[in-house]
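Scroll down for the structure; my scribbles are underneath it.
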There are 4 protein chains.
Amino acid sequence: MKSATFTDVIMLLHLGRLPSPGERRLLDALLIGMADHGSGAPSCATARLAASGNRSSISSAVAAGILAIGDDHGGAGSNTMALIEASLAAAKADGLTPHQAAARAVDDAIRNKRRLPGLGHRVHTTDPRVKVLFDMARAEGVAGHGITFMEALAAEAGQKIKPLPMNIDGALAAILHDMGFAPPAGRFLFIVGRVAGLTAEVAEEYVREKPMRIKFNVEYDGPPLSSE
Amino acid sequence: MKSATFTDVIMLLHLGRLPSPGERRLLDALLIGMADHGSGAPSCATARLAASGNRSSISSAVAAGILAIGDDHGGAGSNTMALIEASLAAAKADGLTPHQAAARAVDDAIRNKRRLPGLGHRVHTTDPRVKVLFDMARAEGVAGHGITFMEALAAEAGQKIKPLPMNIDGALAAILHDMGFAPPAGRFLFIVGRVAGLTAEVAEEYVREKPMRIKFNVEYDGPPLSSE
Amino acid sequence: MKSATFTDVIMLLHLGRLPSPGERRLLDALLIGMADHGSGAPSCATARLAASGNRSSISSAVAAGILAIGDDHGGAGSNTMALIEASLAAAKADGLTPHQAAARAVDDAIRNKRRLPGLGHRVHTTDPRVKVLFDMARAEGVAGHGITFMEALAAEAGQKIKPLPMNIDGALAAILHDMGFAPPAGRFLFIVGRVAGLTAEVAEEYVREKPMRIKFNVEYDGPPLSSE
Amino acid sequence: MKSATFTDVIMLLHLGRLPSPGERRLLDALLIGMADHGSGAPSCATARLAASGNRSSISSAVAAGILAIGDDHGGAGSNTMALIEASLAAAKADGLTPHQAAARAVDDAIRNKRRLPGLGHRVHTTDPRVKVLFDMARAEGVAGHGITFMEALAAEAGQKIKPLPMNIDGALAAILHDMGFAPPAGRFLFIVGRVAGLTAEVAEEYVREKPMRIKFNVEYDGPPLSSE
């Protein structure tokens, strides 16, 4: 308790071992990146909206925010980890390299018309955080087959589909894979990181804002109402 | 199971007895009134927002909507029931009538600068549903001291404070009190009624809308960001 | 508001139309059956356990109970409805009868080693509620292809696999299908019905039980602890 | 992102500033202490129970666990912080020392027959973690009026009421107060710490346990059932 960090214990609880100094630095960086993306993200907005109606219990609003986390929000990391794990396992069984595994994953995606998780972004063309994280992973001795696979995946997809730079979810999936986390951990760690932000959002909502402040404008577009 | 209605069983579970035909009609009317107030209410908007991020589990979005229910949203009924119960009990101990109990409650509110629950409304000057419900309660033989108290409360407050017509929460609180429900039941029944609406809102969200569709525009108003 | 029942409005919100008298009676029976299965069910136990730690907000405990509802608890109805819908649609496209659709579903389940939802039960050999509900559905003119399919499914499975009597989830799935509900409605309606029971369980927990009363005995079975 | 720790960002989000090295070490120790108290605690048991019924969404079970956090579980820290803050503020206004503030708080508790938060424990007579944390706080230069007040409170209560050694909630409340956190932060930080444990509990439940494994034995003690 006296010298370990909270991040150490998060890893201990999930992997049953403490991180190396390099792993600790990377896990800190990943958790910080997950903590908050602004009040407009579904998890943060849901937490604030719940607090707008119910101020009887602090934990209610935080829980509501967490409930907005799923496949479409906060789920891309674990989905990418599942692709990495399955692709590398199948490749290993067939005596293929991580590069060949990535090429096969791209071919499969094209054939089955499936999107590849971890690539592409609505706003950024290239996410600068990816390089920062991968440089850290290499410097700290954490980089392994996960990073190799994801870099090859982005390169192959860029040639065979269209430019699809790796996004932050792809980067964290590669690093968490290389640290030894199983795919669901992508989602569990997102929740751990995001709760730091959600608690701060809810704290601010309680202190600065009035209850029932958030109004939604909704337009009726159903069948015409009867005159009665 | 063959002849009872769902509303009968809601009453049975909460009061340990089946309703009379008149009580059933009133409880149906109250639950219907609680079911849905449009997609803009905090509970509905929270449920839809959670569904926007997480479509892995139907129950998540419904639960998130329920978490928005508290003192400020869906809580006015039980707060009014608590006032009715406490005022009538104190009045009875002192040999006072329900009218005298209401006069004392208004005097107390003035002295302690407290708002009286169940009176006043942001939009309506007079809520037409109050008269409909009270007429039903009288016709069905359900009306008792709760209704007498709330009508006297509105009249006394109108004379001593300002025009404060009874709102729908005041009406349902009076009727639930007269049926024998304890104050927390006001909130429990609101949840039961509202879940009917929340499930329909979430069902529509899944069928008609895309994930991650709801965007919040948030303006930063914190300290200036450092140039770094 | 004056003559409709709460059950009418539940159907109106989900299907956009009011039920016939026969449909109303059946929907009441189904919702009553979903309302409560005793305090030991995961949804009820979760709600009571949450209330044991947190009494600041009534809605928290109810929401926690709802979160226990998913594929394994409360999900069998909608899973069966999905089987009915898909099987009947495919059969119709191929010009087959509901009986033939059921035979094909059983053959598919045997070939793919999949369990058939809506059949079998841990405790009951024959669930007497199934006959009661189907008799009602026939008497009320609601019975359609869903009931025909499920009865044929149980018969075919009994011949080709082993005795697998229809369970209550199979019966309600057949009836909801015949009323026109889509598969997810099986889960939404389970939530609506169960919330009646959850609110009563939480109300009782607050009134009768002390906080922190529920203790779990957990045995450590991890690696030996270090002596430090 | 490259050198800050997750704990730094938790403090930054809640207080708007980074911790000193000493504060970081203390906050790490506090968060670790909150992370997990065994699977039998209400929050952990609720999370596992929800996962037993619903495995469709990882976030559901974590949210259910958080909903068990309230006044009776995880709330003692913030309640103690509120006592410290109010007592020190009133004392300052009256020109009293923290010691005198503590004596007054004990007298008030005796007069109003109220329990003092942060003192006493069901199991431990003296919690050894209190001394460890206070020694750290003093060595790291974090100790202030909060620690002085709580030590005086335990001493005064021991003389005037009965032996009431400080518990872990009292210690963390004193330290968080001395770092500048407002009372609700006691609960927010408990949620942040506990989520690390909850995610690991849920991860283990998914991997090691079967759905619907948790059974509650409930004995009926209501009125006799009718023969019908």
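Following the order of the structure tokens, chains are lettered A, B, ..., residues in each are numbered from 1, and ligands are numbered from 1.
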Check: Do you know which residues are at most 7 Å from segment 130-132 of chain C counting only C-alpha atoms, after dropping those on the same chain fewer than 6 positions away, and could you put them as a ChimeraX atom specification?
Finding: /C:167-168,171
Next item on the list: Write out as a ChimeraX atom specification which residues come within 12 Å of Asp127 of chain D when counting only C-alpha atoms, dropping same-chain ones fewer than 4 positions away.
Entry: /D:118-123,131-134,164-171
List every residue of chain D that has an atom at most 12 Å from any atom of chain B, giving for each one its closest atom pair and the distance in Å to one decimal, counting only C-alpha atoms, sorted by chain and then by ascending residue number, as a tab-separated table.
```
residue	atom	partner	partner_atom	distance
D:Gly16	CA	B:Pro223	CA	9.8
D:Arg17	CA	B:Pro223	CA	11.9
D:Ala50	CA	B:Ser59	CA	11.3
D:Gly53	CA	B:Ser59	CA	11.4
D:Asn54	CA	B:Ser57	CA	8.4
D:Arg55	CA	B:Ser57	CA	8.7
D:Ser56	CA	B:Ser57	CA	5.5
D:Ser57	CA	B:Ser56	CA	5.5
D:Ile58	CA	B:Ser56	CA	8.9
D:Ser59	CA	B:Ser60	CA	8.3
D:Ser60	CA	B:Ser60	CA	6.1
D:Ala61	CA	B:Ser60	CA	9.6
D:Val62	CA	B:Ser60	CA	11.2
D:Ala63	CA	B:Ser60	CA	9.1
D:Ala64	CA	B:Ala63	CA	9.5
D:Leu67	CA	B:Leu67	CA	9.5
D:Gly222	CA	B:Gly16	CA	10.0
D:Pro223	CA	B:Gly16	CA	9.8
```
Got time to write the residues from that selection, C-alpha atoms, as a PDB file, in the first residue's frame?
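What ended up in result_25.pdb:
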```pdb
ATOM      1  CA  GLY D  16      -8.030  21.462 -11.108  1.00  0.00           C
ATOM      2  CA  ARG D  17      -4.381  20.965 -10.125  1.00  0.00           C
ATOM      3  CA  ALA D  50     -26.152  -8.882 -12.155  1.00  0.00           C
ATOM      4  CA  GLY D  53     -28.384 -12.970 -15.058  1.00  0.00           C
ATOM      5  CA  ASN D  54     -27.133 -10.655 -17.793  1.00  0.00           C
ATOM      6  CA  ARG D  55     -23.979 -11.250 -19.805  1.00  0.00           C
ATOM      7  CA  SER D  56     -24.991  -9.188 -22.802  1.00  0.00           C
ATOM      8  CA  SER D  57     -23.139  -6.081 -21.670  1.00  0.00           C
ATOM      9  CA  ILE D  58     -20.057  -5.776 -19.470  1.00  0.00           C
ATOM     10  CA  SER D  59     -20.978  -2.279 -18.389  1.00  0.00           C
ATOM     11  CA  SER D  60     -24.328  -3.449 -16.930  1.00  0.00           C
ATOM     12  CA  ALA D  61     -22.753  -5.479 -14.161  1.00  0.00           C
ATOM     13  CA  VAL D  62     -20.239  -2.763 -13.262  1.00  0.00           C
ATOM     14  CA  ALA D  63     -23.024  -0.162 -13.152  1.00  0.00           C
ATOM     15  CA  ALA D  64     -25.145  -2.422 -10.933  1.00  0.00           C
ATOM     16  CA  LEU D  67     -25.547   1.413  -7.593  1.00  0.00           C
ATOM     17  CA  GLY D 222     -46.261 -13.611   4.937  1.00  0.00           C
ATOM     18  CA  PRO D 223     -49.895 -14.367   5.778  1.00  0.00           C
TER      19      PRO D 223
END
```
Next item on the list: Calculate how many Å separate atom CA of Arg129 of chain C from atom CA of Leu30 of chain C, rounding to one decimal.
Entry: 10.3 Å
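Residues of chain D assigned to strand (DSSP E or B) by DSSP on this structure's backbone: Gly70, His73, Leu119 and Met166 of chain D.
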Next item on the list: Fewer than 5 positions away in the same chain doesn't count, so skip those; otherwise give me all residues within 9 Å of Glu151 of chain D, counting only C-alpha atoms, as number ranges by chain.
Entry: D: 99, 102, 146, 156, 166
Convert the current residue selection to file output with C-alpha atoms, as an mmCIF file, in the first residue's frame.
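Written output follows (out.cif):
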```cif
data_model
loop_
_atom_site.group_PDB
_atom_site.id
_atom_site.type_symbol
_atom_site.label_atom_id
_atom_site.label_comp_id
_atom_site.auth_asym_id
_atom_site.auth_seq_id
_atom_site.Cartn_x
_atom_site.Cartn_y
_atom_site.Cartn_z
ATOM 1 C CA HIS D 99 -9.143 20.531 19.150
ATOM 2 C CA ALA D 102 -13.638 18.281 17.990
ATOM 3 C CA GLY D 146 -8.362 17.568 9.167
ATOM 4 C CA GLU D 156 -12.635 13.161 23.069
ATOM 5 C CA MET D 166 -10.761 5.902 14.266
#
```
Next item on the list: For Gly65 of chain B, work out the shell of residues within 7 Å, counting only C-alpha atoms and skipping chain neighbours fewer than 6 positions away, then give it as a VMD selection string.
Entry: chain B and resid 43 to 44 46 to 47 198
Let me see the file: selected residues, C-alpha atoms, as an mmCIF file, in the first residue's frame.
```cif
data_model
loop_
_atom_site.group_PDB
_atom_site.id
_atom_site.type_symbol
_atom_site.label_atom_id
_atom_site.label_comp_id
_atom_site.auth_asym_id
_atom_site.auth_seq_id
_atom_site.Cartn_x
_atom_site.Cartn_y
_atom_site.Cartn_z
ATOM 1 C CA SER B 43 -35.812 9.824 -17.959
ATOM 2 C CA CYS B 44 -36.666 9.338 -21.652
ATOM 3 C CA THR B 46 -31.310 9.540 -20.648
ATOM 4 C CA ALA B 47 -32.596 6.178 -21.872
ATOM 5 C CA LEU B 198 -39.163 4.091 -21.465
#
```
Item checked: Which of segment 2-77 of chain A fall in helix (DSSP H, G or I), as a PyMOL selection string -> chain A and resi 6-15+21-35+42-53+58-67+76-77
Check: Contacts of Leu88 of chain B at 12 Å or less, counting only C-alpha atoms, minus same-chain residues fewer than 6 places along, as a PyMOL selection string?
Finding: chain B and resi 81-82+94-105+144-150+153+174+177-178
Notebook entry, point to check: Which is closer to Val202 of chain A than all the others in D:Phe190, D:Leu116, D:Ile66, D:Ala185, using only C-alpha atoms?
Noted result: D:Ala185
Next item on the list: Tell me which protein, DNA and RNA residues are within 10 Å of Pro183 of chain A, counting only C-alpha atoms, leaving out same-chain ones fewer than 2 positions away, and put them as a ChimeraX atom specification.
Entry: /A:77-86,173,176-177,180-181,185-188
Notebook entry, point to check: Which polymer residues have any atom within 12 Å of an atom of segment 19-29 of chain D, counting only C-alpha atoms, with same-chain residues fewer than 5 positions away left out, as an NGL selection string?
Noted result: (:A and (1-10)) or (:D and (4-14 or 34-35 or 129-130 or 132-143 or 168 or 171-181 or 186 or 189-190 or 192-193))
Notebook entry, point to check: From the set D:Arg194, D:Arg114, D:Lys92, D:His73, which residue has the shortest atom-to-atom contact distance to Ala51 of chain C, counting only C-alpha atoms?
Noted result: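 For Ala51 of chain C, the nearest of the candidates is D:His73.
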Check: In Å to one decimal, how far is atom CA of Ser39 of chain A from atom CA of Ser52 of chain B?
Finding: 15.1 Å
